[in-house]
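Asks: For reference, the structure I am asking about is given below.
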Amino acid sequence: MFYQDIESARHDIAWLTQACALPPFSVLRLTSYEREILEQTLVDIEEKSILSFYDHLFENLGLKNTQWSKSISHAHLPVLALIPDEGIRIVIEKEAEGSWKSEGRDGLRSCGAFPKGTWFTSIKSERKSIDKLSAKEMFKTIALEQKPIIWYAAIASLSINILALATSFFSMQVYDRVIPTQGLSTLAALSVGVFIAIFLEMILKLSRSHILDRAAVSMDIAYSHHIFDRFLKIRLDALPRSIGTLSGQLQSYATVRAFISTVALYVFIDFPFSMIFLGVIIMLAGWMIGAIVLGFLIIAIFVGMIFRKKVEELSRTSTLSLHQKLGLLVESVENAENVKASGAGWKLLSRWNALSEDAIHDDIQIRHYSEMSSYVSGFLQQLSYISLVAMGAYLVSTTENLTMGGLIATTILSGRVLSPIAMLPNLLVQWGKTKMAVEDLDRVYALERDNEGVERPLSPAVIAPHFRLENAQFSYGENAPSVNIGELNIAPGERVAILGMIGSGKSTLLKMLAGLYKPKPGKVFISGMDMQHISRNRLNEMIGYLPQNIKLISGTLRDNILLGLAGINDEMVLEVAKQTGLIYLINVLAQGLDTPVPEGGESVSGGQKQMIALTRLILMKPKAWLLDEPTANMDERTERQMLEAIERKLSPESTLVVVTHKPALLGLVNRVIVVTPQGIVMDGPKEVILAKLNPTVQAKKQGAQ
């Protein structure tokens, strides 16, 4: 065995997927969720289980399939070695004296030979395309992962439908053999047999339901994880402006999952078995009866397809109206104070009513066409039954090809043949909504992500807070550029203030320096590297960005202070809170750090939100501080205390860039940049630039001297 216990195996997995600094593992990281899901497949430490686990791990990391061997060749390095009683090591080099250099959890080591029973597999990355993954492909990939469960459900359904034949054959035998011969003992035996069959059918149905529920839960978790993860990776400037519409699009995955489950059962289970029952009808009653059932089946499918196009179009417009309603609702809630104060409620109500009317009208039309399809399907089922009974009675009366029992069995089976057709109207409605949901999510998936176009973002251990912009422009939509920077250098340790009139692009420039916005065209460099090539997680570790408008998340005060931070205890929080003045807020709250914060954080003032955000920033200890009007909502005393706390925490190597209109913050800086939408108009030492901006004040100072 490779491990003495399963905990040792998990330690190796954690090292390989989270801490290993060797390529390709240094860039192919699993999220905590993905690692947790993968570890659930590790049930024991037997050799076969461990080898199978690493097969799955390589697949999840996007590496080439494992090819385990008992021998090692330097031509295939690097190689993953699974060593008995030791676990994994990555063999990286064959040294001059013939020994093998490898790295494991305990660091580098050289050895002349590996123990007997060691398995080796080469580590090679798959050739990957950096094309954008669509939502459709994501749904397909996750659904295909449920193939084993679908097969189990299909086997259960096969057994269920075979047992369902018992009722038909029971009726046929009773009418053909028991009644004419008065064979009561035969009737008793048949009754016991059919009871056992229908009881087993019930057990299998319950089992199938449980199996499909597991598949639905697994798909739901995977879909929600992938979609929300994709949303979090969208670059900030690529996010749509309509929050409500985006929320509706992200939530629509549930519609897709429900449709996938339903259509999988329909295509692979219900419809194929209706064909099996049709074959049984032909065997019992002949081709003439079978042709009647088949004819009505084809007509019912054709009728259902007639309504498909209309239902699909109505589903599109209905979904669009619902998204717009959600957008209006979110907008109204966020601006409730302004709406109330301005008396604009009537106007929003008018828009709400119009959107509601459109959505209701479309839903009524969808229901109308769905009901029409259902009524026609029901009519065809009844007509099919009457035709079967009539033709069957004729054949029973005039020929010996069909018995009375066979006719009874045939009519029972005909209902099972046509019952899947009754599902078509509901499937058509689901199809229309699912198609719209996939298109909505495809639009979300098409949005540019952090590190867009970069297959393996860089994660350098050392990044100096040195910023450089080259021909960087940024505009919102089709508007003229709000930022237009030919060249800008901010060296490590510099303290810079960005000044300018409203709309001059100060906040946008700060977002570009934080890597939240990508210039188009142009580039932003940090430590000599294109910022778009550096992992977003690595940038978050070294850049502390404070936006102008602080939004808190629902949770507790502690949750908001520690948002995104790790390894911070309460003593550290309280120490920094004393420096920033947040301690006064904590002390007046009955629950202190455990005080609940509602969504948006409207239970605290704007100034208190900034104190919370600045406390978090100081705890983060970033190398680069990017502050956008950090004390805009604070009184002079709180502002002074906050600035003193910031100044104490700034190291000589730290870079500070602050956007402000307040003179007090200029005490932190030694350089001032004045920007307009056309570019930088002034840049230099603080005293020189302020003298140019305030010539009258400067002249008075010189006169006084």
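Naming scheme: A, B, ... for chains in displayed order of the structure tokens; residues 1 onward per chain; ligands 1 onward as shown.
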Using only C-alpha atoms, which protein or nucleic acid residues come within 7 Å of stretch 57-74 of chain A? Drop anything in the same chain fewer than 3 positions from it, and give the result as a PyMOL selection string.

Replies: chain A and resi 28+53-54+77+94+118-121+124-126

Asks: Please write the residues from the selection above to a file, keeping C-alpha atoms, as an mmCIF file, in the first residue's frame.

Replies:
```cif
data_model
loop_
_atom_site.group_PDB
_atom_site.id
_atom_site.type_symbol
_atom_site.label_atom_id
_atom_site.label_comp_id
_atom_site.auth_asym_id
_atom_site.auth_seq_id
_atom_site.Cartn_x
_atom_site.Cartn_y
_atom_site.Cartn_z
ATOM 1 C CA LEU A 28 -3.290 24.042 -12.332
ATOM 2 C CA PHE A 53 -8.069 8.478 -7.705
ATOM 3 C CA TYR A 54 -4.981 9.942 -9.362
ATOM 4 C CA LEU A 77 10.306 13.437 -16.857
ATOM 5 C CA LYS A 94 18.210 12.375 -13.337
ATOM 6 C CA THR A 118 6.506 1.915 -7.069
ATOM 7 C CA TRP A 119 4.234 3.078 -9.884
ATOM 8 C CA PHE A 120 5.193 5.878 -12.299
ATOM 9 C CA THR A 121 3.234 8.027 -14.744
ATOM 10 C CA LYS A 124 2.038 16.085 -19.448
ATOM 11 C CA SER A 125 -0.458 18.854 -20.041
ATOM 12 C CA GLU A 126 -3.193 18.460 -22.598
#
```

Asks: Considering only C-alpha atoms, give me a table of residues in stretch 537-563 of chain A that are at most 8 Å from stretch 509-525 of chain A, with the closest atom pair and distance in Å for each, as a Markdown table.

Replies:
```
| residue | atom | partner | partner_atom | distance |
| --- | --- | --- | --- | --- |
| A:Leu539 | CA | A:Gly515 | CA | 7.8 |
| A:Ile543 | CA | A:Ala514 | CA | 6.7 |
| A:Tyr545 | CA | A:Ala514 | CA | 6.6 |
```

Asks: Could you please take those selected residues and save C-alpha atoms as a short mmCIF file (atom, residue, chain, number, x, y, z; two decimals), in the first residue's frame?

Replies:
```cif
data_model
loop_
_atom_site.label_atom_id
_atom_site.label_comp_id
_atom_site.auth_asym_id
_atom_site.auth_seq_id
_atom_site.Cartn_x
_atom_site.Cartn_y
_atom_site.Cartn_z
CA LEU A 539 -3.25 40.64 -7.64
CA ILE A 543 -3.28 45.33 -4.21
CA TYR A 545 -8.41 48.68 -3.55
#
```

Asks: Tell me which of A:Leu206, A:Ile498, A:Leu656, A:Ile281 sits closest to A:Val681, counting only C-alpha atoms.

Replies: A:Ile498

Asks: Using only C-alpha atoms for the distances, tell me which of A:Ser350, A:Ser274, A:Asn560, A:Ser377 is nearest to A:Ile299.

Replies: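 Selected residue with least distance to A:Ile299: A:Ser377.
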
Asks: May I have all residues of stretch 43-146 of chain A that DSSP, computed from the backbone, assigns to strand (DSSP E), given as a PyMOL selection string?

Replies: chain A and resi 79-83+87-94+100-104+107-111+119-122

Asks: Within 9 Å of stretch 214-219 of chain A, counting only C-alpha atoms, which residues qualify if same-chain residues fewer than 4 places away don't, as a list in words?

Replies: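 Here the answer would be Phe139, Ile142, Ala143, Glu145, Gln146, Ile149, Ile150, Ser209, His210, Tyr223, Ser224, Arg257, Ala258 and Ser261 of chain A.
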
Asks: Dump N, CA and C atoms for the selected residues as a compact mmCIF listing (two decimals), in the first residue's frame?

Replies:
```txt
# COMPACT_ATOMS: atom_id res chain seq x y z
N PHE A 139 -23.39 22.74 -19.67
CA PHE A 139 -24.54 21.90 -19.33
C PHE A 139 -24.35 20.48 -19.86
N ILE A 142 -21.59 18.47 -17.78
CA ILE A 142 -22.04 18.03 -16.45
C ILE A 142 -23.13 16.97 -16.57
N ALA A 143 -24.01 17.13 -17.55
CA ALA A 143 -25.07 16.14 -17.74
C ALA A 143 -24.48 14.78 -18.11
N GLU A 145 -21.73 13.60 -17.19
CA GLU A 145 -21.12 12.99 -16.01
C GLU A 145 -22.12 12.13 -15.24
N GLN A 146 -23.41 12.34 -15.52
CA GLN A 146 -24.45 11.56 -14.83
C GLN A 146 -24.84 10.31 -15.62
N ILE A 149 -25.64 7.10 -13.65
CA ILE A 149 -26.92 7.15 -12.94
C ILE A 149 -28.08 6.97 -13.91
N ILE A 150 -27.96 7.62 -15.10
CA ILE A 150 -29.01 7.47 -16.11
C ILE A 150 -29.13 6.01 -16.54
N SER A 209 -36.81 6.67 -8.57
CA SER A 209 -37.01 8.05 -8.12
C SER A 209 -35.85 8.51 -7.24
N HIS A 210 -35.39 7.63 -6.35
CA HIS A 210 -34.26 7.97 -5.48
C HIS A 210 -32.98 8.19 -6.30
N TYR A 223 -24.03 22.69 -11.45
CA TYR A 223 -24.43 23.82 -12.28
C TYR A 223 -24.31 25.14 -11.52
N SER A 224 -24.84 25.17 -10.31
CA SER A 224 -24.81 26.42 -9.54
C SER A 224 -23.38 26.83 -9.24
N ARG A 257 -31.70 22.55 -15.91
CA ARG A 257 -31.49 21.28 -15.23
C ARG A 257 -32.76 20.44 -15.22
N ALA A 258 -33.90 21.09 -14.94
CA ALA A 258 -35.18 20.37 -14.91
C ALA A 258 -35.50 19.79 -16.29
N SER A 261 -33.22 16.73 -17.09
CA SER A 261 -33.68 15.52 -16.39
C SER A 261 -34.91 14.94 -17.07
```

Asks: With only C-alpha atoms as the counted atoms, please give the residues lying no more than 6 Å from A:Met682, apart from itself and same-chain residues fewer than 2 positions off, as an mmCIF file with N, CA and C atoms, in the first residue's frame.

Replies:
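Now in selection-v4.cif:
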```
data_model
loop_
_atom_site.group_PDB
_atom_site.id
_atom_site.type_symbol
_atom_site.label_atom_id
_atom_site.label_comp_id
_atom_site.auth_asym_id
_atom_site.auth_seq_id
_atom_site.Cartn_x
_atom_site.Cartn_y
_atom_site.Cartn_z
ATOM 1 N N ILE A 673 -1.082 64.159 -9.531
ATOM 2 C CA ILE A 673 -1.385 64.027 -10.958
ATOM 3 C C ILE A 673 -2.768 64.611 -11.190
ATOM 4 N N VAL A 674 -2.882 65.495 -12.156
ATOM 5 C CA VAL A 674 -4.170 66.094 -12.517
ATOM 6 C C VAL A 674 -4.581 65.528 -13.869
ATOM 7 N N ILE A 680 -3.391 63.305 -18.978
ATOM 8 C CA ILE A 680 -2.743 63.958 -17.842
ATOM 9 C C ILE A 680 -2.337 65.367 -18.243
#
```

Asks: Using the chain letters and numbers from this document, which residues of stretch 372-567 of chain A does DSSP assign to alpha helix (DSSP H), as a ChimeraX atom specification?

Replies: /A:372-398,404-422,424-445,506-513,536-542,557-561
